[in-house]
Structures are given as structure tokens and as C-alpha cells.
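Quick look at coords-v4.pdb (PDB, C-alpha atoms, pLDDT in the B column):
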ATOM      1  CA  MET O   1     145.626 121.290  80.963  1.00 60.00           C
ATOM      2  CA  THR O   2     147.517 118.598  79.076  1.00 56.00           C
ATOM      3  CA  GLU O   3     151.160 117.722  78.593  1.00 53.00           C
ATOM      4  CA  ASN O   4     151.264 119.263  75.109  1.00 59.00           C
ATOM      5  CA  ASP O   5     149.728 122.533  76.370  1.00 77.00           C
ATOM      6  CA  GLU O   6     146.449 121.922  74.582  1.00 87.00           C
ATOM      7  CA  LYS O   7     143.743 123.911  76.387  1.00 93.00           C
ATOM      8  CA  THR O   8     140.974 121.845  77.892  1.00 96.00           C
ATOM      9  CA  ALA O   9     137.475 122.589  79.135  1.00 97.00           C
ATOM     10  CA  LEU O  10     135.261 120.551  81.422  1.00 98.00           C
ATOM     11  CA  ILE O  11     131.563 120.783  80.603  1.00 98.00           C
ATOM     12  CA  LEU O  12     129.578 119.668  83.603  1.00 98.00           C
ATOM     13  CA  LEU O  13     126.023 118.634  82.850  1.00 97.00           C
ATOM     14  CA  GLY O  14     123.291 118.468  85.448  1.00 89.00           C
ATOM     15  CA  CYS O  15     119.979 116.659  85.333  1.00 91.00           C
ATOM     16  CA  PRO O  16     118.804 116.753  81.686  1.00 93.00           C
ATOM     17  CA  GLN O  17     115.250 117.634  82.681  1.00 91.00           C
ATOM     18  CA  VAL O  18     115.273 121.023  80.916  1.00 94.00           C
ATOM     19  CA  PRO O  19     115.292 120.639  77.106  1.00 93.00           C
ATOM     20  CA  VAL O  20     117.842 123.346  76.219  1.00 94.00           C
ATOM     21  CA  GLN O  21     120.706 121.658  78.067  1.00 96.00           C
ATOM     22  CA  THR O  22     121.634 118.985  75.508  1.00 96.00           C
ATOM     23  CA  SER O  23     121.351 121.339  72.554  1.00 95.00           C
ATOM     24  CA  MET O  24     123.428 124.042  74.236  1.00 95.00           C
ATOM     25  CA  ALA O  25     126.039 121.579  75.441  1.00 96.00           C
ATOM     26  CA  LEU O  26     126.570 120.316  71.886  1.00 96.00           C
ATOM     27  CA  TYR O  27     126.765 123.905  70.672  1.00 96.00           C
ATOM     28  CA  LEU O  28     129.350 124.714  73.349  1.00 96.00           C
ATOM     29  CA  VAL O  29     131.416 121.636  72.443  1.00 96.00           C
ATOM     30  CA  HIS O  30     131.411 122.750  68.808  1.00 95.00           C
ATOM     31  CA  GLY O  31     132.393 126.320  69.705  1.00 94.00           C
ATOM     32  CA  LEU O  32     135.240 125.250  71.958  1.00 94.00           C
ATOM     33  CA  LYS O  33     136.657 122.835  69.387  1.00 94.00           C
ATOM     34  CA  GLN O  34     136.564 125.551  66.738  1.00 92.00           C
ATOM     35  CA  ARG O  35     138.653 127.675  69.087  1.00 91.00           C
ATOM     36  CA  GLY O  36     141.199 124.892  69.645  1.00 93.00           C
ATOM     37  CA  ILE O  37     140.001 123.952  73.132  1.00 94.00           C
ATOM     38  CA  ARG O  38     139.429 120.264  73.857  1.00 96.00           C
ATOM     39  CA  PRO O  39     136.104 119.690  75.625  1.00 97.00           C
ATOM     40  CA  VAL O  40     135.515 116.907  78.142  1.00 98.00           C
ATOM     41  CA  ILE O  41     131.934 116.252  79.125  1.00 98.00           C
ATOM     42  CA  ALA O  42     130.986 115.047  82.593  1.00 98.00           C
ATOM     43  CA  GLY O  43     127.408 114.257  83.492  1.00 96.00           C
ATOM     44  CA  THR O  44     124.850 111.810  84.709  1.00 94.00           C
ATOM     45  CA  THR O  45     124.259 108.686  82.631  1.00 94.00           C
ATOM     46  CA  ALA O  46     121.059 110.140  81.157  1.00 95.00           C
ATOM     47  CA  ALA O  47     122.695 113.468  80.299  1.00 96.00           C
ATOM     48  CA  ARG O  48     125.544 111.666  78.514  1.00 96.00           C
ATOM     49  CA  LYS O  49     123.206 109.297  76.662  1.00 96.00           C
ATOM     50  CA  LEU O  50     121.234 112.263  75.338  1.00 96.00           C
ATOM     51  CA  MET O  51     124.462 113.701  73.958  1.00 96.00           C
ATOM     52  CA  GLU O  52     125.608 110.394  72.463  1.00 96.00           C
ATOM     53  CA  VAL O  53     122.290 109.776  70.722  1.00 96.00           C
ATOM     54  CA  ALA O  54     122.255 113.318  69.342  1.00 95.00           C
ATOM     55  CA  ASP O  55     125.756 112.880  67.862  1.00 95.00           C
ATOM     56  CA  PRO O  56     125.968 109.241  66.669  1.00 95.00           C
ATOM     57  CA  GLY O  57     128.857 109.961  64.289  1.00 95.00           C
ATOM     58  CA  ARG O  58     130.828 111.606  67.066  1.00 94.00           C
ATOM     59  CA  TYR O  59     131.369 114.737  64.981  1.00 94.00           C
ATOM     60  CA  TYR O  60     131.292 116.905  68.099  1.00 94.00           C
ATOM     61  CA  LEU O  61     131.755 114.654  71.103  1.00 95.00           C
ATOM     62  CA  SER O  62     135.105 113.316  72.175  1.00 91.00           C
ATOM     63  CA  GLU O  63     135.815 112.406  75.785  1.00 96.00           C
ATOM     64  CA  MET O  64     132.849 111.843  78.090  1.00 97.00           C
ATOM     65  CA  THR O  65     133.027 110.817  81.703  1.00 97.00           C
ATOM     66  CA  ASP O  66     130.861 110.205  84.733  1.00 95.00           C
ATOM     67  CA  LEU O  67     130.227 113.163  87.024  1.00 94.00           C
ATOM     68  CA  ASP O  68     131.577 111.425  90.125  1.00 92.00           C
ATOM     69  CA  VAL O  69     134.653 110.148  88.269  1.00 95.00           C
ATOM     70  CA  ALA O  70     135.478 113.688  87.130  1.00 96.00           C
ATOM     71  CA  ILE O  71     135.140 115.052  90.669  1.00 96.00           C
ATOM     72  CA  ASP O  72     137.207 112.178  91.999  1.00 95.00           C
ATOM     73  CA  GLU O  73     140.046 112.857  89.539  1.00 97.00           C
ATOM     74  CA  ILE O  74     140.092 116.578  90.314  1.00 97.00           C
ATOM     75  CA  THR O  75     139.966 116.165  94.101  1.00 96.00           C
ATOM     76  CA  GLU O  76     142.726 113.527  93.868  1.00 94.00           C
ATOM     77  CA  LYS O  77     144.713 116.039  91.743  1.00 95.00           C
ATOM     78  CA  GLN O  78     145.050 113.526  88.904  1.00 97.00           C
ATOM     79  CA  ARG O  79     143.799 116.060  86.378  1.00 96.00           C
ATOM     80  CA  ASP O  80     142.419 119.571  86.024  1.00 98.00           C
ATOM     81  CA  PHE O  81     141.141 121.858  83.279  1.00 98.00           C
ATOM     82  CA  ASP O  82     141.733 125.379  81.988  1.00 96.00           C
ATOM     83  CA  LEU O  83     138.029 126.181  81.750  1.00 96.00           C
ATOM     84  CA  CYS O  84     134.939 124.728  83.386  1.00 97.00           C
ATOM     85  CA  PHE O  85     131.361 125.319  82.259  1.00 97.00           C
ATOM     86  CA  VAL O  86     128.612 124.168  84.621  1.00 98.00           C
ATOM     87  CA  PHE O  87     125.041 123.882  83.324  1.00 97.00           C
ATOM     88  CA  ILE O  88     122.630 124.769  86.130  1.00 97.00           C
ATOM     89  CA  HIS O  89     118.862 124.720  86.425  1.00 96.00           C
ATOM     90  CA  ASN O  90     118.366 123.602  90.027  1.00 96.00           C
ATOM     91  CA  ASP O  91     119.893 123.747  93.506  1.00 96.00           C
ATOM     92  CA  SER O  92     122.055 120.685  92.837  1.00 96.00           C
ATOM     93  CA  GLY O  93     123.640 122.510  89.915  1.00 97.00           C
ATOM     94  CA  ILE O  94     124.651 125.352  92.232  1.00 97.00           C
ATOM     95  CA  ALA O  95     126.098 122.803  94.657  1.00 97.00           C
ATOM     96  CA  TYR O  96     128.187 121.178  91.917  1.00 97.00           C
ATOM     97  CA  ALA O  97     129.416 124.546  90.622  1.00 98.00           C
ATOM     98  CA  GLY O  98     130.387 125.579  94.169  1.00 97.00           C
ATOM     99  CA  THR O  99     132.328 122.362  94.491  1.00 97.00           C
ATOM    100  CA  MET O 100     134.152 123.007  91.218  1.00 98.00           C
ATOM    101  CA  ALA O 101     135.024 126.535  92.395  1.00 97.00           C
ATOM    102  CA  TYR O 102     136.700 124.981  95.411  1.00 97.00           C
ATOM    103  CA  ILE O 103     138.440 121.897  93.961  1.00 97.00           C
ATOM    104  CA  SER O 104     139.503 123.075  90.487  1.00 98.00           C
ATOM    105  CA  LYS O 105     141.843 125.793  89.268  1.00 97.00           C
ATOM    106  CA  ALA O 106     139.813 126.165  86.056  1.00 97.00           C
ATOM    107  CA  ARG O 107     138.214 129.494  85.156  1.00 96.00           C
ATOM    108  CA  LEU O 108     134.615 128.785  86.084  1.00 97.00           C
ATOM    109  CA  TYR O 109     131.546 129.740  84.040  1.00 96.00           C
ATOM    110  CA  THR O 110     128.072 129.020  85.405  1.00 97.00           C
ATOM    111  CA  LEU O 111     125.393 128.764  82.718  1.00 96.00           C
ATOM    112  CA  ILE O 112     122.059 129.137  84.514  1.00 97.00           C
ATOM    113  CA  PHE O 113     118.829 128.482  82.644  1.00 95.00           C
ATOM    114  CA  GLY O 114     115.295 127.196  83.200  1.00 95.00           C
ATOM    115  CA  GLU O 115     112.236 128.817  84.769  1.00 93.00           C
ATOM    116  CA  HIS O 116     114.071 130.033  87.873  1.00 93.00           C
ATOM    117  CA  ALA O 117     117.334 131.216  86.333  1.00 95.00           C
ATOM    118  CA  GLU O 118     117.397 134.645  87.993  1.00 94.00           C
ATOM    119  CA  GLU O 119     116.609 133.302  91.475  1.00 94.00           C
ATOM    120  CA  LEU O 120     119.263 130.631  91.120  1.00 96.00           C
ATOM    121  CA  ALA O 121     121.801 133.216  89.980  1.00 96.00           C
ATOM    122  CA  GLY O 122     121.201 135.020  93.285  1.00 95.00           C
ATOM    123  CA  GLU O 123     122.432 131.905  95.080  1.00 93.00           C
ATOM    124  CA  ILE O 124     125.925 132.119  93.580  1.00 95.00           C
ATOM    125  CA  GLU O 125     128.327 133.015  96.388  1.00 92.00           C
ATOM    126  CA  PHE O 126     131.630 131.898  94.912  1.00 95.00           C
ATOM    127  CA  PRO O 127     134.001 133.319  92.284  1.00 95.00           C
ATOM    128  CA  CYS O 128     132.822 132.622  88.728  1.00 96.00           C
ATOM    129  CA  GLU O 129     131.398 134.235  85.619  1.00 94.00           C
ATOM    130  CA  VAL O 130     127.606 134.040  85.783  1.00 95.00           C
ATOM    131  CA  VAL O 131     125.338 133.758  82.752  1.00 94.00           C
ATOM    132  CA  ALA O 132     121.654 133.513  83.621  1.00 94.00           C
ATOM    133  CA  VAL O 133     118.838 133.343  81.077  1.00 95.00           C
ATOM    134  CA  LYS O 134     115.252 132.211  81.483  1.00 93.00           C
ATOM    135  CA  ALA O 135     115.342 129.543  78.765  1.00 89.00           C
ATOM    136  CA  VAL O 136     113.480 126.242  78.895  1.00 92.00           C
ATOM    137  CA  HIS O 137     112.518 125.082  75.382  1.00 94.00           C
ATOM    138  CA  ASN O 138     113.930 127.778  73.133  1.00 93.00           C
ATOM    139  CA  PRO O 139     117.744 127.734  73.193  1.00 93.00           C
ATOM    140  CA  MET O 140     118.256 131.023  71.327  1.00 94.00           C
ATOM    141  CA  PRO O 141     118.478 133.418  74.339  1.00 93.00           C
ATOM    142  CA  LEU O 142     121.041 131.142  75.953  1.00 93.00           C
ATOM    143  CA  LYS O 143     122.874 130.664  72.648  1.00 94.00           C
ATOM    144  CA  ARG O 144     123.320 134.430  72.289  1.00 93.00           C
ATOM    145  CA  LYS O 145     124.755 134.667  75.808  1.00 92.00           C
ATOM    146  CA  LEU O 146     126.948 131.655  75.242  1.00 91.00           C
ATOM    147  CA  ASP O 147     128.418 133.216  72.102  1.00 91.00           C
ATOM    148  CA  GLU O 148     129.528 136.181  74.239  1.00 89.00           C
ATOM    149  CA  VAL O 149     130.890 133.900  76.951  1.00 86.00           C
ATOM    150  CA  MET O 150     132.953 131.887  74.481  1.00 82.00           C
ATOM    151  CA  GLN O 151     134.534 135.114  73.247  1.00 80.00           C
ATOM    152  CA  TRP O 152     135.514 136.037  76.822  1.00 74.00           C
ATOM    153  CA  ALA O 153     136.680 132.533  77.597  1.00 73.00           C
ATOM    154  CA  VAL O 154     139.030 132.465  74.631  1.00 71.00           C
ATOM    155  CA  SER O 155     140.259 136.054  75.013  1.00 72.00           C
ATOM    156  CA  LYS O 156     141.046 135.552  78.734  1.00 64.00           C
ATOM    157  CA  GLN O 157     143.149 132.434  78.188  1.00 58.00           C
TER     158      GLN O 157
ATOM    159  CA  MET S   1     124.730 105.710  94.785  1.00 48.00           C
ATOM    160  CA  GLY S   2     126.799 102.505  94.444  1.00 54.00           C
ATOM    161  CA  CYS S   3     128.522 101.545  97.660  1.00 67.00           C
ATOM    162  CA  LEU S   4     126.486 104.008  99.721  1.00 72.00           C
ATOM    163  CA  GLU S   5     123.227 102.569  98.401  1.00 72.00           C
ATOM    164  CA  ALA S   6     124.370  99.081  99.326  1.00 73.00           C
ATOM    165  CA  MET S   7     124.720 100.279 102.916  1.00 74.00           C
ATOM    166  CA  LYS S   8     120.988 101.062 102.943  1.00 80.00           C
ATOM    167  CA  PRO S   9     121.327 104.566 104.366  1.00 90.00           C
ATOM    168  CA  GLU S  10     118.638 105.996 106.588  1.00 94.00           C
ATOM    169  CA  ILE S  11     117.198 109.043 104.831  1.00 95.00           C
ATOM    170  CA  ILE S  12     116.763 111.811 107.392  1.00 96.00           C
ATOM    171  CA  LEU S  13     115.916 114.651 105.019  1.00 95.00           C
ATOM    172  CA  SER S  14     115.022 114.261 101.360  1.00 94.00           C
ATOM    173  CA  GLN S  15     115.095 116.467  98.272  1.00 87.00           C
ATOM    174  CA  SER S  16     116.195 119.566 100.154  1.00 94.00           C
ATOM    175  CA  SER S  17     118.668 122.261  99.124  1.00 94.00           C
ATOM    176  CA  PHE S  18     122.298 121.928 100.142  1.00 93.00           C
ATOM    177  CA  LYS S  19     121.796 124.906 102.466  1.00 94.00           C
ATOM    178  CA  GLU S  20     118.836 123.219 104.182  1.00 96.00           C
ATOM    179  CA  ALA S  21     120.941 120.095 104.608  1.00 96.00           C
ATOM    180  CA  ARG S  22     123.734 122.188 106.132  1.00 96.00           C
ATOM    181  CA  GLU S  23     121.337 123.842 108.576  1.00 96.00           C
ATOM    182  CA  TYR S  24     119.735 120.523 109.522  1.00 97.00           C
ATOM    183  CA  ILE S  25     123.069 118.993 110.502  1.00 97.00           C
ATOM    184  CA  LYS S  26     124.173 122.124 112.354  1.00 96.00           C
ATOM    185  CA  LYS S  27     120.959 122.329 114.378  1.00 97.00           C
ATOM    186  CA  ASN S  28     120.210 118.666 115.005  1.00 97.00           C
ATOM    187  CA  VAL S  29     123.529 116.860 115.350  1.00 97.00           C
ATOM    188  CA  ARG S  30     125.528 117.595 118.476  1.00 96.00           C
ATOM    189  CA  GLU S  31     128.930 116.538 117.109  1.00 96.00           C
ATOM    190  CA  PHE S  32     129.741 117.784 113.623  1.00 96.00           C
ATOM    191  CA  TYR S  33     132.825 118.742 111.647  1.00 95.00           C
ATOM    192  CA  GLU S  34     133.369 121.085 108.733  1.00 96.00           C
ATOM    193  CA  VAL S  35     134.706 119.431 105.596  1.00 96.00           C
ATOM    194  CA  GLU S  36     135.767 120.839 102.248  1.00 95.00           C
ATOM    195  CA  PRO S  37     133.748 120.339  99.042  1.00 96.00           C
ATOM    196  CA  GLY S  38     134.761 117.039  97.476  1.00 95.00           C
ATOM    197  CA  TYR S  39     135.476 115.372 100.846  1.00 95.00           C
ATOM    198  CA  LYS S  40     134.875 111.644 100.343  1.00 92.00           C
ATOM    199  CA  ILE S  41     132.856 109.335 102.568  1.00 91.00           C
ATOM    200  CA  HIS S  42     132.649 105.757 101.298  1.00 84.00           C
ATOM    201  CA  ASP S  43     132.201 106.363  97.537  1.00 84.00           C
ATOM    202  CA  VAL S  44     130.390 109.681  97.896  1.00 89.00           C
ATOM    203  CA  HIS S  45     131.794 113.183  97.533  1.00 93.00           C
ATOM    204  CA  ILE S  46     130.294 115.910  99.690  1.00 95.00           C
ATOM    205  CA  ILE S  47     128.983 118.456  97.198  1.00 95.00           C
ATOM    206  CA  GLY S  48     128.098 122.077  97.890  1.00 94.00           C
ATOM    207  CA  VAL S  49     129.282 125.530  98.845  1.00 93.00           C
ATOM    208  CA  PRO S  50     131.240 125.851 102.118  1.00 94.00           C
ATOM    209  CA  PRO S  51     130.635 125.469 104.978  1.00 95.00           C
ATOM    210  CA  LEU S  52     129.709 121.808 104.646  1.00 96.00           C
ATOM    211  CA  TYR S  53     129.207 119.655 107.715  1.00 96.00           C
ATOM    212  CA  VAL S  54     129.430 115.953 108.516  1.00 96.00           C
ATOM    213  CA  GLY S  55     127.948 114.812 111.814  1.00 96.00           C
ATOM    214  CA  ILE S  56     128.655 111.891 114.117  1.00 96.00           C
ATOM    215  CA  GLU S  57     125.901 110.232 116.135  1.00 96.00           C
ATOM    216  CA  GLY S  58     126.969 107.141 118.023  1.00 94.00           C
ATOM    217  CA  GLU S  59     128.565 104.800 115.500  1.00 94.00           C
ATOM    218  CA  ASN S  60     126.951 106.579 112.557  1.00 95.00           C
ATOM    219  CA  LEU S  61     127.845 109.367 110.179  1.00 95.00           C
ATOM    220  CA  ILE S  62     125.267 111.943 109.105  1.00 96.00           C
ATOM    221  CA  PHE S  63     126.066 113.865 105.953  1.00 96.00           C
ATOM    222  CA  PRO S  64     124.576 115.619 102.901  1.00 96.00           C
ATOM    223  CA  TYR S  65     124.325 113.587  99.720  1.00 95.00           C
ATOM    224  CA  THR S  66     123.555 115.552  96.547  1.00 95.00           C
ATOM    225  CA  LYS S  67     121.950 113.962  93.493  1.00 93.00           C
ATOM    226  CA  PRO S  68     121.881 116.033  90.266  1.00 93.00           C
ATOM    227  CA  CYS S  69     118.174 115.456  89.618  1.00 92.00           C
ATOM    228  CA  HIS S  70     116.731 115.132  93.114  1.00 93.00           C
ATOM    229  CA  GLY S  71     118.452 117.684  95.312  1.00 95.00           C
ATOM    230  CA  THR S  72     120.296 117.050  98.535  1.00 96.00           C
ATOM    231  CA  PHE S  73     119.492 114.313 101.055  1.00 95.00           C
ATOM    232  CA  VAL S  74     120.738 114.060 104.614  1.00 97.00           C
ATOM    233  CA  VAL S  75     121.677 110.424 105.172  1.00 96.00           C
ATOM    234  CA  LYS S  76     122.833 108.326 108.104  1.00 95.00           C
ATOM    235  CA  VAL S  77     125.184 105.366 107.610  1.00 93.00           C
ATOM    236  CA  PRO S  78     127.548 103.331 109.810  1.00 91.00           C
ATOM    237  CA  GLY S  79     130.758 105.329 110.183  1.00 87.00           C
ATOM    238  CA  SER S  80     133.523 102.762 110.686  1.00 78.00           C
ATOM    239  CA  GLU S  81     136.988 104.283 110.187  1.00 85.00           C
ATOM    240  CA  ASP S  82     135.548 107.541 108.832  1.00 88.00           C
ATOM    241  CA  ILE S  83     134.588 108.601 112.359  1.00 93.00           C
ATOM    242  CA  ALA S  84     138.187 108.541 113.555  1.00 91.00           C
ATOM    243  CA  ARG S  85     139.274 110.347 110.397  1.00 91.00           C
ATOM    244  CA  LEU S  86     136.746 113.114 111.066  1.00 93.00           C
ATOM    245  CA  ARG S  87     137.599 113.480 114.737  1.00 92.00           C
ATOM    246  CA  ALA S  88     141.255 113.821 113.812  1.00 90.00           C
ATOM    247  CA  ARG S  89     140.353 117.028 111.981  1.00 79.00           C
ATOM    248  CA  LYS S  90     140.592 120.331 113.802  1.00 63.00           C
ATOM    249  CA  GLY S  91     137.644 122.081 115.370  1.00 53.00           C
ATOM    250  CA  LYS S  92     133.904 121.547 115.395  1.00 48.00           C
TER     251      LYS S  92
END
Show me this structure written as C-alpha cells.
Amino acid sequence: MTENDEKTALILLGCPQVPVQTSMALYLVHGLKQRGIRPVIAGTTAARKLMEVADPGRYYLSEMTDLDVAIDEITEKQRDFDLCFVFIHNDSGIAYAGTMAYISKARLYTLIFGEHAEELAGEIEFPCEVVAVKAVHNPMPLKRKLDEVMQWAVSKQ
Amino acid sequence: MGCLEAMKPEIILSQSSFKEAREYIKKNVREFYEVEPGYKIHDVHIIGVPPLYVGIEGENLIFPYTKPCHGTFVVKVPGSEDIARLRARKGK
């Protein structure tokens, strides 16, 4: 949501403990930009540093912000987004996604991965599109799902 | 944790789920209030799926604090003006 009607997406990164997160986040950024949607990444310092180091020429990354700053701006109604993708592999990820469902008007997509993806998906009790794949090291199962999700996300705009 | 960390919070429950934190406050704190996700105490947003509770015990606030890598903690800190702000809200 910007003044010139450019579509925006918030990509909310959790703890970068599970290897597929950084790779899939970069892939999502690329996919959104190709579809004319401006991605903004919010995450912990470590999650953001992993992204920055992986893209030193800033071919994919544009705006990055701290997780708490992003939540602050949305709760204070200073900004909001058209789409929001939350990467989840633990209980905290569910908590952050639930918060986004409440504070933001963005269409919410929860991307659940890691060893306990299916169990975590069962914890979702708020309106959102759920994608859950047991992926830890190999990003391909999540990539396939994400390709489908990006099609929906763009077609439902 | 920034400002909250500087207040040296007492950790009542550590590395729990946000639901466990919710239940702890509901069962163990006599005076508590429901707040919305994103409600701010000091420099901390309350994170989770409703209902979320913040408790008052004497001059202290008891609330869930979620860290992305370490789960949810229940912490106790001096309440100052936040206590009056909470009590001004409707219902328990």
C-alpha cells in the first residue's frame, strides 16, 4: 500500500535456525518483484544479516526493517501492506502470524516448514492461507508450494 | 529486549508457548486484563493469538514476552503508569 498504488508485501522472517528460510525468502522476494510487488523484509538481526550476506549486490533485496519496528508501524497505523508472508517453524512464528492477522489488513500467507510443520499448521486459528511442508535442508518441496502461492497471491489482488 | 531488558525483568516462565503463557497468567495472577495483539508495554509488543492477558500484582506488571528464537517468556516488571492504563480498560 503506497501513495502511487504500487502493491507491497511484508515478508516476516522468524528465527533463522532452519536452513531453508533464507533461501526461500530470497526466492519469494524475486518472485514478488517479477510480479510488480514491492517486498519489504522484517526480521531479527540474524535473519536480516543472512539475507544481506547472500545478496551483497542487492539484486533482490530492497527495504529491510527490524521486526519490532514493523509491528510498531502497523499498530500505530503509520503503514500497512497488501500482502504479508510469515515464515514459521516454531511457536513464536505462529504468535507473530496471529498478531499480523489482528493488526494488519494485508492478505496473510503463513509458510510453515521445518520438522514439525504439520503439527504447527494445526495451531493456526486465525484467517490466513496456510502452506505447510516438512522442509528443513532441501528447499524444493517448499519452493513448489510457494510457486503455487505466488500465483494465488497475484491473481487475488 | 532494549528498554525491558534494562529493567531487569523477573522471569517467571521461560521458553514456553504463547498459549502456556496465557494459561499461566490466567491461573496464577488474580488481577488480569485482556489486551489486543500488538499492545505495547514499555518497548515491548504483546505478541500472540487472542486472548492475550496482562496481569497486575502489587506495583508490578506480569505479561508474555515473545522472542522469535526462544519462545514466550512470562516476565514481571515494575508497572508505573501502565497499571492505570490497564485498569482503565473494560473488564477482567
- Item | Close residues, Val131 (chain O) itself excluded, 10 Å, all atoms listed in the file, min 5 positions apart in chain, as a PyMOL selection string | chain O and resi 87-88+109-113+117-118+121+142+145-146+148-149
- Task: Quick one: everything within 12 Å of Thr45 (chain O), counting all atoms listed in the file, minus sequence neighbours fewer than 4 positions away in the same chain. Send it as number ranges by chain.
- Result: O: 13-16, 41, 49-52, 64-69; S: 68-69
- Message: Just checking: using only C-alpha atoms, which residue out of S:Lys76, S:Asp43, S:Asn60, S:Gly38 ends up closest to Lys77 (chain O)?
- Response: S:Gly38
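The set of residues that the PyMOL selection byres ((chain O) within 8 of (chain S)) takes from this file is Gly14, Cys15, Gln17, Thr44, Asp68, Ile71, Asp72, Thr75, Asn90, Asp91, Ser92, Gly93, Ile94, Ala95, Tyr96, Ala97, Gly98, Thr99, Tyr102, Ile103, Glu125 and Phe126 of chain O.
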- Query: Suppose you want the space between CA of Leu12 (chain O) and CA of Ala70 (chain O); what is it in Å?
  - Reply: 9.1 Å
- Message: Which residues would end up in the selection if the PyMOL selection byres ((chain S and resi 74) around 8) were applied here, given that I need the answer as an MDAnalysis selection string?
- Response: chainID S and resid 11:14 21 62:65 72:73 75:76
- Task: Run the PyMOL selection byres ((chain S and resi 28) around 12) on the file and write out the hits as a VMD selection string.
- Result: chain S and resid 12 to 13 20 to 27 29 to 32 53 to 57 62 to 63 74
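With CA of Thr22 (chain O) on one side and CA of Met100 (chain O) on the other, the separation reads 20.5 Å.
As for CA of His89 (chain O) and CA of Val29 (chain O), they are spaced 19.0 Å apart.
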- Counting all atoms listed in the file, closest pick from O:Gln34, O:Val40, O:Lys134, O:Glu115 relative to Phe85 (chain O) is O:Val40
What's the 8 Å shell around region 81-91 of chain S, counting all atoms listed in the file, without same-chain residues fewer than 6 positions away, as an mmCIF file with C-alpha atoms, keeping the file's coordinate frame?
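For reference, result_25.cif as written:
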data_model
loop_
_atom_site.group_PDB
_atom_site.id
_atom_site.type_symbol
_atom_site.label_atom_id
_atom_site.label_comp_id
_atom_site.auth_asym_id
_atom_site.auth_seq_id
_atom_site.Cartn_x
_atom_site.Cartn_y
_atom_site.Cartn_z
ATOM 1 C CA TYR S 33 132.825 118.742 111.647
ATOM 2 C CA GLU S 34 133.369 121.085 108.733
ATOM 3 C CA ILE S 41 132.856 109.335 102.568
ATOM 4 C CA ILE S 56 128.655 111.891 114.117
ATOM 5 C CA GLU S 59 128.565 104.800 115.500
ATOM 6 C CA ASN S 60 126.951 106.579 112.557
ATOM 7 C CA LEU S 61 127.845 109.367 110.179
#
- Message: Please list as a ChimeraX atom specification every residue within 10 Å of Val20 (chain O), counting only C-alpha atoms and excluding residues in the same chain fewer than 6 positions away.
- Response: /O:113-114,135-140,142-143
Prev. selection, C-alpha atoms, output as a PDB file, in the coordinates of the input:
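The file below, out.pdb, is the result:
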ATOM      1  CA  PHE O 113     118.829 128.482  82.644  1.00 95.00           C
ATOM      2  CA  GLY O 114     115.295 127.196  83.200  1.00 95.00           C
ATOM      3  CA  ALA O 135     115.342 129.543  78.765  1.00 89.00           C
ATOM      4  CA  VAL O 136     113.480 126.242  78.895  1.00 92.00           C
ATOM      5  CA  HIS O 137     112.518 125.082  75.382  1.00 94.00           C
ATOM      6  CA  ASN O 138     113.930 127.778  73.133  1.00 93.00           C
ATOM      7  CA  PRO O 139     117.744 127.734  73.193  1.00 93.00           C
ATOM      8  CA  MET O 140     118.256 131.023  71.327  1.00 94.00           C
ATOM      9  CA  LEU O 142     121.041 131.142  75.953  1.00 93.00           C
ATOM     10  CA  LYS O 143     122.874 130.664  72.648  1.00 94.00           C
TER      11      LYS O 143
END
